[in-house]
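So this block is model_28.txt, compact mmCIF, C-alpha atoms:
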# COMPACT_ATOMS: atom_id res chain seq x y z
CA MET A 1 34.38 37.91 152.09
CA TYR A 2 32.35 41.11 152.08
CA ASN A 3 28.65 40.37 152.11
CA SER A 4 26.84 43.41 150.73
CA ARG A 5 23.60 42.38 152.43
CA SER A 6 25.01 42.28 155.96
CA ASN A 7 28.13 44.46 155.66
CA SER A 8 30.24 41.81 157.34
CA ILE A 9 33.32 39.84 156.49
CA ARG A 10 32.81 36.10 156.49
CA SER A 11 36.22 35.27 155.11
CA LEU A 12 39.09 36.86 153.29
CA THR A 13 40.92 35.00 150.54
CA PRO A 14 44.42 36.02 149.43
CA ALA A 15 45.24 37.37 145.98
CA VAL A 16 48.55 38.62 144.67
CA LEU A 17 49.06 42.33 144.15
CA LEU A 18 51.22 43.57 141.30
CA ALA A 19 54.58 44.57 142.77
CA VAL A 20 53.52 43.71 146.36
CA ALA A 21 52.59 40.19 147.44
CA ILE A 22 50.16 40.70 150.32
CA ALA A 23 46.70 39.34 151.05
CA VAL A 24 43.73 41.18 149.58
CA PRO A 25 40.05 40.35 150.03
CA ALA A 26 38.43 38.82 146.95
CA SER A 27 35.29 36.75 146.37
CA ALA A 28 32.17 36.60 144.24
CA ASP A 29 30.45 39.05 146.62
CA TYR A 30 33.55 41.20 147.05
CA PRO A 31 35.36 41.18 143.70
CA ASN A 32 38.83 42.56 143.19
CA LEU A 33 38.34 44.34 139.85
CA ALA A 34 42.03 44.75 139.11
CA THR A 35 45.35 45.16 140.86
CA VAL A 36 46.77 48.65 141.33
CA ALA A 37 50.12 49.09 139.59
CA ALA A 38 52.39 52.09 139.18
CA THR A 39 51.21 52.49 135.60
CA ASP A 40 47.59 52.58 136.81
CA SER A 41 48.06 55.30 139.42
CA VAL A 42 51.19 57.27 138.62
CA ALA A 43 50.50 60.32 140.82
CA THR A 44 49.27 58.41 143.88
CA LEU A 45 52.04 55.81 143.96
CA ALA A 46 54.81 58.36 143.32
CA ASN A 47 54.30 60.12 146.67
CA PRO A 48 57.06 59.96 149.30
CA GLY A 49 56.20 57.40 151.96
CA TYR A 50 54.22 55.12 149.61
CA LEU A 51 54.44 51.42 150.60
CA ALA A 52 51.65 49.37 148.98
CA ALA A 53 48.26 49.44 147.28
CA ALA A 54 45.19 47.19 147.13
CA GLY A 55 42.26 47.34 144.76
CA SER A 56 40.31 48.25 142.92
CA PHE A 57 37.32 46.79 144.72
CA LEU A 58 33.62 47.06 143.94
CA GLY A 59 31.57 48.93 146.55
CA ASN A 60 31.72 51.91 148.89
CA ILE A 61 33.94 52.89 151.82
CA ASN A 62 32.56 54.94 154.69
CA GLY A 63 34.37 53.79 157.83
CA SER A 64 32.41 50.60 158.51
CA SER A 65 33.90 48.03 160.89
CA TRP A 66 34.39 45.52 158.05
CA GLU A 67 36.81 47.97 156.41
CA LEU A 68 39.04 47.99 159.50
CA THR A 69 39.07 44.19 159.56
CA ALA A 70 39.86 44.06 155.84
CA LEU A 71 42.71 46.57 156.24
CA SER A 72 44.25 44.38 158.96
CA GLU A 73 44.21 41.46 156.52
CA VAL A 74 45.36 43.45 153.50
CA PHE A 75 48.21 45.35 155.16
CA GLY A 76 48.97 42.94 158.02
CA ALA A 77 52.52 42.43 156.73
CA TYR A 78 53.21 46.08 157.56
CA SER A 79 51.40 46.48 160.89
CA GLN A 80 49.68 44.26 163.41
CA GLU A 81 48.10 47.30 165.09
CA PRO A 82 44.34 47.74 164.66
CA TRP A 83 43.25 50.34 162.10
CA VAL A 84 41.19 53.36 163.13
CA TYR A 85 38.88 55.26 160.77
CA GLN A 86 39.57 59.01 160.95
CA GLY A 87 36.95 60.35 158.54
CA LYS A 88 36.39 61.19 154.89
CA SER A 89 36.78 64.20 152.65
CA ASP A 90 33.08 64.56 151.78
CA ASP A 91 32.05 65.03 155.44
CA LEU A 92 30.60 68.49 156.15
CA ASP A 93 33.90 69.63 157.71
CA PHE A 94 36.02 67.52 155.27
CA GLY A 95 36.98 65.19 158.15
CA PRO A 96 40.78 64.90 158.43
CA PHE A 97 41.24 66.75 155.11
CA THR A 98 41.05 70.44 154.16
CA GLY A 99 38.78 69.85 151.16
CA ASN A 100 37.26 67.30 148.77
CA PRO A 101 38.64 67.73 145.25
CA GLU A 102 36.08 65.98 143.03
CA THR A 103 38.46 65.58 140.10
CA THR A 104 40.40 62.76 138.46
CA GLN A 105 43.70 64.12 139.79
CA GLY A 106 44.82 66.73 142.26
CA ILE A 107 46.16 67.24 145.78
CA LEU A 108 44.67 65.98 149.04
CA THR A 109 45.80 68.08 152.00
CA PHE A 110 45.49 66.81 155.58
CA ALA A 111 44.21 69.08 158.35
CA THR A 112 47.22 67.90 160.40
CA PRO A 113 50.36 66.13 159.11
CA GLN A 114 49.98 62.34 159.12
CA THR A 115 52.73 60.49 160.96
CA GLY A 116 53.41 56.77 161.07
CA LEU A 117 51.43 54.28 159.01
CA PHE A 118 48.20 55.40 157.41
CA VAL A 119 45.93 54.29 154.58
CA LEU A 120 44.34 56.58 152.03
CA GLY A 121 41.16 55.13 150.53
CA LEU A 122 40.11 56.66 147.20
CA LYS A 123 36.49 56.15 146.11
CA GLY A 124 35.19 56.97 142.63
CA GLY A 125 32.33 55.63 140.53
CA ASN A 126 31.23 52.38 142.17
CA SER A 127 34.66 51.19 143.30
CA TYR A 128 37.65 52.14 145.43
CA SER A 129 41.33 51.40 146.12
CA TRP A 130 43.48 51.58 149.27
CA TYR A 131 47.00 53.04 149.44
CA LEU A 132 49.37 52.50 152.39
CA PHE A 133 51.86 55.22 153.39
CA ASN A 134 54.41 55.79 156.11
CA GLY A 135 54.49 59.42 157.21
CA GLY A 136 57.45 58.81 159.54
CA ALA A 137 58.02 61.06 162.54
CA ASP A 138 57.80 64.33 160.58
CA GLY A 139 54.48 63.52 158.92
CA ILE A 140 53.02 64.06 155.48
CA GLU A 141 51.00 67.24 154.92
CA SER A 142 49.55 66.49 151.48
CA LEU A 143 49.51 63.84 148.76
CA ASN A 144 49.14 63.99 145.01
CA PHE A 145 46.43 61.66 143.78
CA ASP A 146 44.85 60.36 140.63
CA THR A 147 41.95 57.99 140.16
CA LEU A 148 43.63 55.81 137.53
CA GLY A 149 43.89 53.01 140.10
CA ILE A 150 40.10 52.97 140.53
CA GLN A 151 37.92 51.33 137.92
CA LYS A 152 34.21 51.74 137.31
CA GLY A 153 31.97 48.70 137.12
CA ASN A 154 32.32 48.80 133.33
CA ARG A 155 36.11 48.51 133.93
CA ASN A 156 36.87 51.94 132.49
CA PRO A 157 39.52 53.62 134.68
CA GLY A 158 39.62 57.13 136.00
CA PRO A 159 36.27 58.18 137.51
CA GLU A 160 36.12 61.50 139.36
CA LEU A 161 36.98 61.26 143.05
CA SER A 162 33.85 60.86 145.17
CA HIS A 163 35.73 61.02 148.47
CA ALA A 164 38.93 60.00 150.22
CA ASN A 165 39.01 58.07 153.51
CA LEU A 166 41.80 58.18 156.07
CA TYR A 167 42.68 55.25 158.33
CA THR A 168 45.57 55.24 160.82
CA ALA A 169 47.37 52.36 162.52
CA HIS A 170 46.39 52.67 166.17
CA ILE A 171 49.27 52.18 168.58
CA ALA A 172 48.00 51.93 172.13
CA VAL A 173 49.57 54.43 174.53
CA PRO A 174 49.71 53.13 178.13
CA GLU A 175 47.52 54.85 180.70
CA PRO A 176 49.27 56.57 183.67
CA GLU A 177 48.42 53.62 185.95
CA GLN A 178 49.99 51.23 183.43
CA TRP A 179 53.23 53.24 183.44
CA THR A 180 53.53 52.63 187.18
CA VAL A 181 53.20 48.88 186.66
CA ILE A 182 55.65 48.95 183.72
CA PHE A 183 58.31 50.93 185.62
CA GLY A 184 57.76 48.84 188.74
CA GLY A 185 58.30 45.67 186.71
CA LEU A 186 61.47 47.07 185.14
CA ALA A 187 62.82 48.12 188.54
CA ALA A 188 62.13 44.65 189.98
CA ALA A 189 63.84 42.98 187.02
CA GLY A 190 66.86 45.25 187.44
CA PHE A 191 67.03 44.46 191.15
CA VAL A 192 66.94 40.70 190.46
CA LEU A 193 69.68 40.96 187.81
CA ARG A 194 71.88 43.02 190.13
CA ARG A 195 71.54 40.44 192.97
CA ARG A 196 72.42 37.60 190.61
CA ARG A 197 75.61 39.36 189.52
CA GLN A 198 76.69 39.84 193.16
Could you render the structure from this file as structure tokens?
Amino acid sequence: MYNSRSNSIRSLTPAVLLAVAIAVPASADYPNLATVAATDSVATLANPGYLAAAGSFLGNINGSSWELTALSEVFGAYSQEPWVYQGKSDDLDFGPFTGNPETTQGILTFATPQTGLFVLGLKGGNSYSWYLFNGGADGIESLNFDTLGIQKGNRNPGPELSHANLYTAHIAVPEPEQWTVIFGGLAAAGFVLRRRRQ
């Protein structure tokens, strides 16, 4: 549960998403205002590579550690890798984006194409939603978005975009020293298998 006083997660309770049954954080301190459905966010969910959505949630997103923990719980069915915060569109240099369109719909363009699994967080009014995409090997250069999947505290949909956050699924790449151990282990295993066959 997100505790707004301490910015920590004490527990995460599951809720069912419309169209996708995965765990989402929800509690009295961290309320799930509504579930994101295709009819709520037509432009965002229609993008190639779209996999799932979670939200809308009351609060702000700015790359805090609790967000990364929550993303692991919310999208754990898709990736067990830890999530890494890459930045947000209202940073001075737009972070991983080329701009910050403060509108209810438009295009978000990435500074570099996004490959593999990534999450786009859209913040507007006093709430936000998360959208999971798979950019594949070629990557995704830009996404259409709308804020219909975000609801204000008064439950009226469609605030202007405050900012977008980007999170990527971190896949650890072995260090050079680790490659030596890995290849050494594979060579030893091959040697043992060859002796057994003889």
Point-to-point distance from atom CA of Leu143 of chain A to atom CA of Asp40 of chain A, Å rounded to tenths = 16.5 Å
Distance of atom CA of Glu67 of chain A from atom CA of Trp130 of chain A, expressed in Å to one decimal place |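 Here the two named atoms are 10.4 Å from each other.
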Using only C-alpha atoms, which residue out of A:Ser162, A:Ser56, A:Ser129, A:Gln114 lies closest to Pro96 of chain A?
->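 The closest residue to Pro96 of chain A is A:Gln114.
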Counting all atoms listed in the file, what is within 9 Å of segment 100-112 of chain A, bar same-chain residues fewer than 5 positions away, as a PyMOL selection string?
-> chain A and resi 43-44+88-91+94-95+124+139-148+158-164
Write to file, as a PDB file, keeping the file's coordinate frame, the residues of the selection just made, with C-alpha atoms.
ATOM      1  CA  ALA A  43      50.500  60.320 140.820  1.00  0.00           C
ATOM      2  CA  THR A  44      49.270  58.410 143.880  1.00  0.00           C
ATOM      3  CA  LYS A  88      36.390  61.190 154.890  1.00  0.00           C
ATOM      4  CA  SER A  89      36.780  64.200 152.650  1.00  0.00           C
ATOM      5  CA  ASP A  90      33.080  64.560 151.780  1.00  0.00           C
ATOM      6  CA  ASP A  91      32.050  65.030 155.440  1.00  0.00           C
ATOM      7  CA  PHE A  94      36.020  67.520 155.270  1.00  0.00           C
ATOM      8  CA  GLY A  95      36.980  65.190 158.150  1.00  0.00           C
ATOM      9  CA  GLY A 124      35.190  56.970 142.630  1.00  0.00           C
ATOM     10  CA  GLY A 139      54.480  63.520 158.920  1.00  0.00           C
ATOM     11  CA  ILE A 140      53.020  64.060 155.480  1.00  0.00           C
ATOM     12  CA  GLU A 141      51.000  67.240 154.920  1.00  0.00           C
ATOM     13  CA  SER A 142      49.550  66.490 151.480  1.00  0.00           C
ATOM     14  CA  LEU A 143      49.510  63.840 148.760  1.00  0.00           C
ATOM     15  CA  ASN A 144      49.140  63.990 145.010  1.00  0.00           C
ATOM     16  CA  PHE A 145      46.430  61.660 143.780  1.00  0.00           C
ATOM     17  CA  ASP A 146      44.850  60.360 140.630  1.00  0.00           C
ATOM     18  CA  THR A 147      41.950  57.990 140.160  1.00  0.00           C
ATOM     19  CA  LEU A 148      43.630  55.810 137.530  1.00  0.00           C
ATOM     20  CA  GLY A 158      39.620  57.130 136.000  1.00  0.00           C
ATOM     21  CA  PRO A 159      36.270  58.180 137.510  1.00  0.00           C
ATOM     22  CA  GLU A 160      36.120  61.500 139.360  1.00  0.00           C
ATOM     23  CA  LEU A 161      36.980  61.260 143.050  1.00  0.00           C
ATOM     24  CA  SER A 162      33.850  60.860 145.170  1.00  0.00           C
ATOM     25  CA  HIS A 163      35.730  61.020 148.470  1.00  0.00           C
ATOM     26  CA  ALA A 164      38.930  60.000 150.220  1.00  0.00           C
TER      27      ALA A 164
END
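Computed from the coordinates, the atom CA of Tyr50 of chain A to atom CA of Gln80 of chain A distance equals 18.1 Å.
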